[in-house]
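Student: Following this line is run25.cif, made up of mmCIF, C-alpha atoms, pLDDT in the B column; chains and numbers go by the auth columns:
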```cif
data_protein
#
loop_
_atom_site.group_PDB
_atom_site.id
_atom_site.type_symbol
_atom_site.label_atom_id
_atom_site.label_comp_id
_atom_site.label_asym_id
_atom_site.label_seq_id
_atom_site.Cartn_x
_atom_site.Cartn_y
_atom_site.Cartn_z
_atom_site.B_iso_or_equiv
_atom_site.auth_seq_id
_atom_site.auth_asym_id
ATOM 1 C CA ALA A 1 -42.714 -45.527 -86.989 85.00 1 A
ATOM 2 C CA GLN A 2 -40.337 -42.699 -87.612 89.00 2 A
ATOM 3 C CA LEU A 3 -42.392 -40.542 -85.307 90.00 3 A
ATOM 4 C CA GLU A 4 -42.245 -43.249 -82.699 92.00 4 A
ATOM 5 C CA THR A 5 -38.507 -43.594 -83.113 93.00 5 A
ATOM 6 C CA ALA A 6 -38.072 -39.827 -82.842 93.00 6 A
ATOM 7 C CA HIS A 7 -40.359 -39.813 -79.808 94.00 7 A
ATOM 8 C CA LYS A 8 -38.386 -42.665 -78.249 95.00 8 A
ATOM 9 C CA SER A 9 -35.150 -40.893 -79.102 94.00 9 A
ATOM 10 C CA LEU A 10 -36.475 -37.710 -77.472 96.00 10 A
ATOM 11 C CA CYS A 11 -37.580 -39.683 -74.414 96.00 11 A
ATOM 12 C CA ASP A 12 -34.155 -41.299 -74.171 96.00 12 A
ATOM 13 C CA LYS A 13 -32.498 -37.894 -74.529 97.00 13 A
ATOM 14 C CA ASN A 14 -34.865 -36.550 -71.893 97.00 14 A
ATOM 15 C CA ALA A 15 -34.026 -39.447 -69.555 97.00 15 A
ATOM 16 C CA GLN A 16 -30.321 -38.921 -70.237 96.00 16 A
ATOM 17 C CA LEU A 17 -30.700 -35.211 -69.495 97.00 17 A
ATOM 18 C CA GLU A 18 -32.655 -35.973 -66.318 97.00 18 A
ATOM 19 C CA ASN A 19 -29.976 -38.477 -65.238 97.00 19 A
ATOM 20 C CA SER A 20 -27.253 -35.990 -66.122 96.00 20 A
ATOM 21 C CA LEU A 21 -29.163 -33.291 -64.214 97.00 21 A
ATOM 22 C CA ALA A 22 -29.625 -35.575 -61.178 97.00 22 A
ATOM 23 C CA THR A 23 -25.915 -36.497 -61.299 97.00 23 A
ATOM 24 C CA LYS A 24 -24.918 -32.828 -61.555 97.00 24 A
ATOM 25 C CA ASP A 25 -27.359 -31.992 -58.740 97.00 25 A
ATOM 26 C CA LEU A 26 -25.838 -34.766 -56.584 97.00 26 A
ATOM 27 C CA GLU A 27 -22.309 -33.604 -57.443 97.00 27 A
ATOM 28 C CA LEU A 28 -23.190 -30.001 -56.543 97.00 28 A
ATOM 29 C CA LYS A 29 -24.822 -31.121 -53.303 97.00 29 A
ATOM 30 C CA ASN A 30 -21.727 -33.177 -52.425 97.00 30 A
ATOM 31 C CA ALA A 31 -19.450 -30.265 -53.345 97.00 31 A
ATOM 32 C CA LEU A 32 -21.630 -27.958 -51.233 97.00 32 A
ATOM 33 C CA VAL A 33 -21.456 -30.357 -48.260 96.00 33 A
ATOM 34 C CA GLY A 34 -17.667 -30.606 -48.763 96.00 34 A
ATOM 35 C CA LYS A 35 -17.302 -26.822 -48.899 97.00 35 A
ATOM 36 C CA ASP A 36 -19.552 -26.488 -45.848 97.00 36 A
ATOM 37 C CA LEU A 37 -17.358 -28.957 -43.921 97.00 37 A
ATOM 38 C CA GLU A 38 -14.233 -27.174 -45.143 97.00 38 A
ATOM 39 C CA LEU A 39 -15.595 -23.801 -43.988 97.00 39 A
ATOM 40 C CA LYS A 40 -16.673 -25.236 -40.620 98.00 40 A
ATOM 41 C CA LYS A 41 -13.187 -26.713 -40.108 98.00 41 A
ATOM 42 C CA ALA A 42 -11.523 -23.429 -41.088 98.00 42 A
ATOM 43 C CA LEU A 43 -13.905 -21.554 -38.816 97.00 43 A
ATOM 44 C CA ALA A 44 -13.149 -23.939 -35.922 98.00 44 A
ATOM 45 C CA VAL A 45 -9.401 -23.488 -36.485 98.00 45 A
ATOM 46 C CA GLN A 46 -9.778 -19.692 -36.555 98.00 46 A
ATOM 47 C CA ASP A 47 -11.994 -19.823 -33.467 98.00 47 A
ATOM 48 C CA ALA A 48 -9.394 -21.922 -31.627 98.00 48 A
ATOM 49 C CA LYS A 49 -6.614 -19.520 -32.686 98.00 49 A
ATOM 50 C CA LEU A 50 -8.641 -16.503 -31.544 98.00 50 A
ATOM 51 C CA GLN A 51 -9.507 -18.235 -28.258 98.00 51 A
ATOM 52 C CA LYS A 52 -5.815 -18.988 -27.609 98.00 52 A
ATOM 53 C CA ALA A 53 -4.850 -15.412 -28.479 98.00 53 A
ATOM 54 C CA LEU A 54 -7.588 -14.103 -26.175 98.00 54 A
ATOM 55 C CA GLU A 55 -6.452 -16.373 -23.338 98.00 55 A
ATOM 56 C CA ALA A 56 -2.844 -15.278 -23.857 97.00 56 A
ATOM 57 C CA LYS A 57 -3.868 -11.594 -23.768 98.00 57 A
ATOM 58 C CA ASP A 58 -6.005 -12.243 -20.685 97.00 58 A
ATOM 59 C CA LEU A 59 -3.095 -13.975 -18.949 97.00 59 A
ATOM 60 C CA LYS A 60 -0.747 -11.183 -19.983 97.00 60 A
ATOM 61 C CA LEU A 61 -3.146 -8.561 -18.580 97.00 61 A
ATOM 62 C CA LYS A 62 -3.630 -10.546 -15.358 97.00 62 A
ATOM 63 C CA ASN A 63 0.146 -10.835 -14.930 97.00 63 A
ATOM 64 C CA ALA A 64 0.622 -7.126 -15.627 97.00 64 A
ATOM 65 C CA LEU A 65 -2.148 -6.299 -13.156 97.00 65 A
ATOM 66 C CA ALA A 66 -0.619 -8.584 -10.539 97.00 66 A
ATOM 67 C CA GLY A 67 2.757 -6.959 -11.155 96.00 67 A
ATOM 68 C CA LYS A 68 1.323 -3.467 -10.767 97.00 68 A
ATOM 69 C CA ASP A 69 -0.576 -4.574 -7.651 97.00 69 A
ATOM 70 C CA ALA A 70 2.599 -6.000 -6.132 97.00 70 A
ATOM 71 C CA GLU A 71 4.517 -2.868 -7.147 97.00 71 A
ATOM 72 C CA PHE A 72 1.870 -0.655 -5.538 97.00 72 A
ATOM 73 C CA LYS A 73 1.784 -2.782 -2.366 97.00 73 A
ATOM 74 C CA GLY A 74 5.583 -2.665 -2.202 97.00 74 A
ATOM 75 C CA ALA A 75 5.622 1.103 -2.615 97.00 75 A
ATOM 76 C CA LEU A 76 2.884 1.423 -0.004 97.00 76 A
ATOM 77 C CA ALA A 77 4.790 -0.786 2.438 97.00 77 A
ATOM 78 C CA GLY A 78 7.942 1.247 1.751 97.00 78 A
ATOM 79 C CA LYS A 79 6.156 4.537 2.444 98.00 79 A
ATOM 80 C CA ASP A 80 4.558 3.041 5.563 97.00 80 A
ATOM 81 C CA ALA A 81 7.949 1.901 6.851 97.00 81 A
ATOM 82 C CA GLU A 82 9.458 5.285 5.931 97.00 82 A
ATOM 83 C CA LEU A 83 6.720 7.143 7.825 97.00 83 A
ATOM 84 C CA LYS A 84 6.998 4.804 10.823 98.00 84 A
ATOM 85 C CA GLY A 85 10.761 5.342 10.829 97.00 85 A
ATOM 86 C CA ALA A 86 10.357 9.099 10.643 97.00 86 A
ATOM 87 C CA LEU A 87 7.750 8.971 13.414 97.00 87 A
ATOM 88 C CA ALA A 88 10.016 6.826 15.582 97.00 88 A
ATOM 89 C CA GLY A 89 12.881 9.261 14.910 97.00 89 A
ATOM 90 C CA LYS A 90 10.769 12.267 15.908 97.00 90 A
ATOM 91 C CA ASP A 91 9.516 10.394 18.979 97.00 91 A
ATOM 92 C CA ALA A 92 13.087 9.607 20.022 97.00 92 A
ATOM 93 C CA GLU A 93 14.119 13.199 19.305 97.00 93 A
ATOM 94 C CA LEU A 94 11.275 14.567 21.444 97.00 94 A
ATOM 95 C CA LYS A 95 12.028 12.086 24.236 97.00 95 A
ATOM 96 C CA GLY A 96 15.664 13.210 24.113 96.00 96 A
ATOM 97 C CA GLU A 97 14.637 16.852 24.344 97.00 97 A
ATOM 98 C CA LEU A 98 12.298 15.998 27.230 97.00 98 A
ATOM 99 C CA MET A 99 15.117 14.212 29.068 97.00 99 A
ATOM 100 C CA GLU A 100 17.385 17.183 28.379 97.00 100 A
ATOM 101 C CA LEU A 101 14.772 19.538 29.833 97.00 101 A
ATOM 102 C CA LYS A 102 14.285 17.255 32.844 97.00 102 A
ATOM 103 C CA GLY A 103 18.062 17.234 33.353 96.00 103 A
ATOM 104 C CA ALA A 104 18.248 21.017 33.104 97.00 104 A
ATOM 105 C CA LEU A 105 15.314 21.315 35.515 97.00 105 A
ATOM 106 C CA ALA A 106 16.987 18.930 37.959 97.00 106 A
ATOM 107 C CA GLY A 107 20.216 20.956 37.652 95.00 107 A
ATOM 108 C CA LYS A 108 18.369 24.212 38.302 96.00 108 A
ATOM 109 C CA ASP A 109 16.555 22.556 41.217 96.00 109 A
ATOM 110 C CA LEU A 110 19.879 21.463 42.725 96.00 110 A
ATOM 111 C CA GLU A 111 21.361 24.897 42.076 96.00 111 A
ATOM 112 C CA PHE A 112 18.377 26.545 43.786 96.00 112 A
ATOM 113 C CA LYS A 113 18.557 24.108 46.744 97.00 113 A
ATOM 114 C CA GLY A 114 22.304 24.782 47.055 96.00 114 A
ATOM 115 C CA ALA A 115 21.774 28.533 47.004 97.00 115 A
ATOM 116 C CA LEU A 116 18.948 28.168 49.512 97.00 116 A
ATOM 117 C CA ALA A 117 21.130 26.052 51.808 97.00 117 A
ATOM 118 C CA GLY A 118 23.946 28.635 51.444 96.00 118 A
ATOM 119 C CA LYS A 119 21.610 31.493 52.363 97.00 119 A
ATOM 120 C CA GLU A 120 20.242 29.475 55.283 97.00 120 A
ATOM 121 C CA ALA A 121 23.774 28.784 56.560 97.00 121 A
ATOM 122 C CA GLU A 122 24.673 32.443 56.057 97.00 122 A
ATOM 123 C CA LEU A 123 21.593 33.570 57.977 97.00 123 A
ATOM 124 C CA LYS A 124 22.253 31.026 60.745 97.00 124 A
ATOM 125 C CA GLY A 125 25.840 32.301 60.937 96.00 125 A
ATOM 126 C CA ALA A 126 24.670 35.899 61.103 97.00 126 A
ATOM 127 C CA LEU A 127 22.073 34.924 63.713 97.00 127 A
ATOM 128 C CA ALA A 128 24.721 33.110 65.772 96.00 128 A
ATOM 129 C CA SER A 129 26.982 36.139 65.481 95.00 129 A
ATOM 130 C CA LYS A 130 24.143 38.383 66.627 96.00 130 A
ATOM 131 C CA ASP A 131 23.449 35.936 69.481 95.00 131 A
ATOM 132 C CA VAL A 132 27.112 36.205 70.524 95.00 132 A
ATOM 133 C CA GLU A 133 26.961 40.014 70.330 95.00 133 A
ATOM 134 C CA LEU A 134 23.718 39.954 72.331 96.00 134 A
ATOM 135 C CA GLU A 135 25.336 37.720 74.922 94.00 135 A
ATOM 136 C CA LYS A 136 28.325 40.079 75.153 94.00 136 A
ATOM 137 C CA ALA A 137 25.960 43.023 75.490 94.00 137 A
ATOM 138 C CA LYS A 138 24.075 41.174 78.240 93.00 138 A
ATOM 139 C CA GLN A 139 27.319 40.466 80.028 92.00 139 A
ATOM 140 C CA ALA A 140 28.432 44.060 79.624 91.00 140 A
ATOM 141 C CA LEU A 141 25.048 45.175 80.904 91.00 141 A
ATOM 142 C CA ALA A 142 25.326 42.775 83.805 88.00 142 A
ATOM 143 C CA GLY A 143 28.814 44.142 84.465 86.00 143 A
ATOM 144 C CA LYS A 144 27.415 47.648 84.419 85.00 144 A
ATOM 145 C CA ASP A 145 24.601 46.629 86.775 82.00 145 A
ATOM 146 C CA VAL A 146 27.172 45.196 89.168 81.00 146 A
ATOM 147 C CA GLU A 147 29.180 48.416 88.961 81.00 147 A
ATOM 148 C CA LEU A 148 26.072 50.438 89.620 80.00 148 A
ATOM 149 C CA GLU A 149 25.176 48.366 92.630 78.00 149 A
ATOM 150 C CA LYS A 150 28.624 48.826 94.114 67.00 150 A
#
```
Written as structure tokens, how would this file's structure read?
Tutor:
Amino acid sequence: AQLETAHKSLCDKNAQLENSLATKDLELKNALVGKDLELKKALAVQDAKLQKALEAKDLKLKNALAGKDAEFKGALAGKDAELKGALAGKDAELKGELMELKGALAGKDLEFKGALAGKEAELKGALASKDVELEKAKQALAGKDVELEK
């Protein structure tokens, strides 16, 4: 009977230990699930923070790139306008020089035509003078012929 009581007592202790073990196992499993959920939440929060930081950096880089692009395009447009202005200035300068040369050429042409007309008038005058002298010589010769005939 004592052996039976001891056996029963051992069986009860064993059952108590098994129950205690099952309870502890359940508690640990619940704690593990809780910790797992906690870690997943913390990980999700960190992931969201990192995603926001990444998006902010991406936006910042895109804005900086757009700014540099606009700056480059502005500088390019400025240089283009500067070169076009310089080209237009040189074109106007060359056109001015061409007009100046045309004017000088026209002046020289007029000067040459004037000198030519002067020489022509001078030669015509000399020719007319020689014609008058020739006429006088003819008349003198005719006068001499008349004298000789008499």
Student: Could you tell me how far CA of Val132 (chain A) lies from CA of Glu147 (chain A), in Å and to one decimal?
Tutor: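 Between these atoms lies a distance of 22.2 Å.
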Student: Could you please determine the separation between CA of Leu39 (chain A) and CA of Lys57 (chain A) in Å, to one decimal place?
Tutor: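 Spanning CA of Leu39 (chain A) to CA of Lys57 (chain A) is a straight-line distance of 26.4 Å.
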Student: In Å to one decimal, how far is CA of Val146 (chain A) from CA of Ser129 (chain A)?
Tutor: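 Taking CA of Ser129 (chain A) as the start and CA of Val146 (chain A) as the end point, the length is 25.4 Å.
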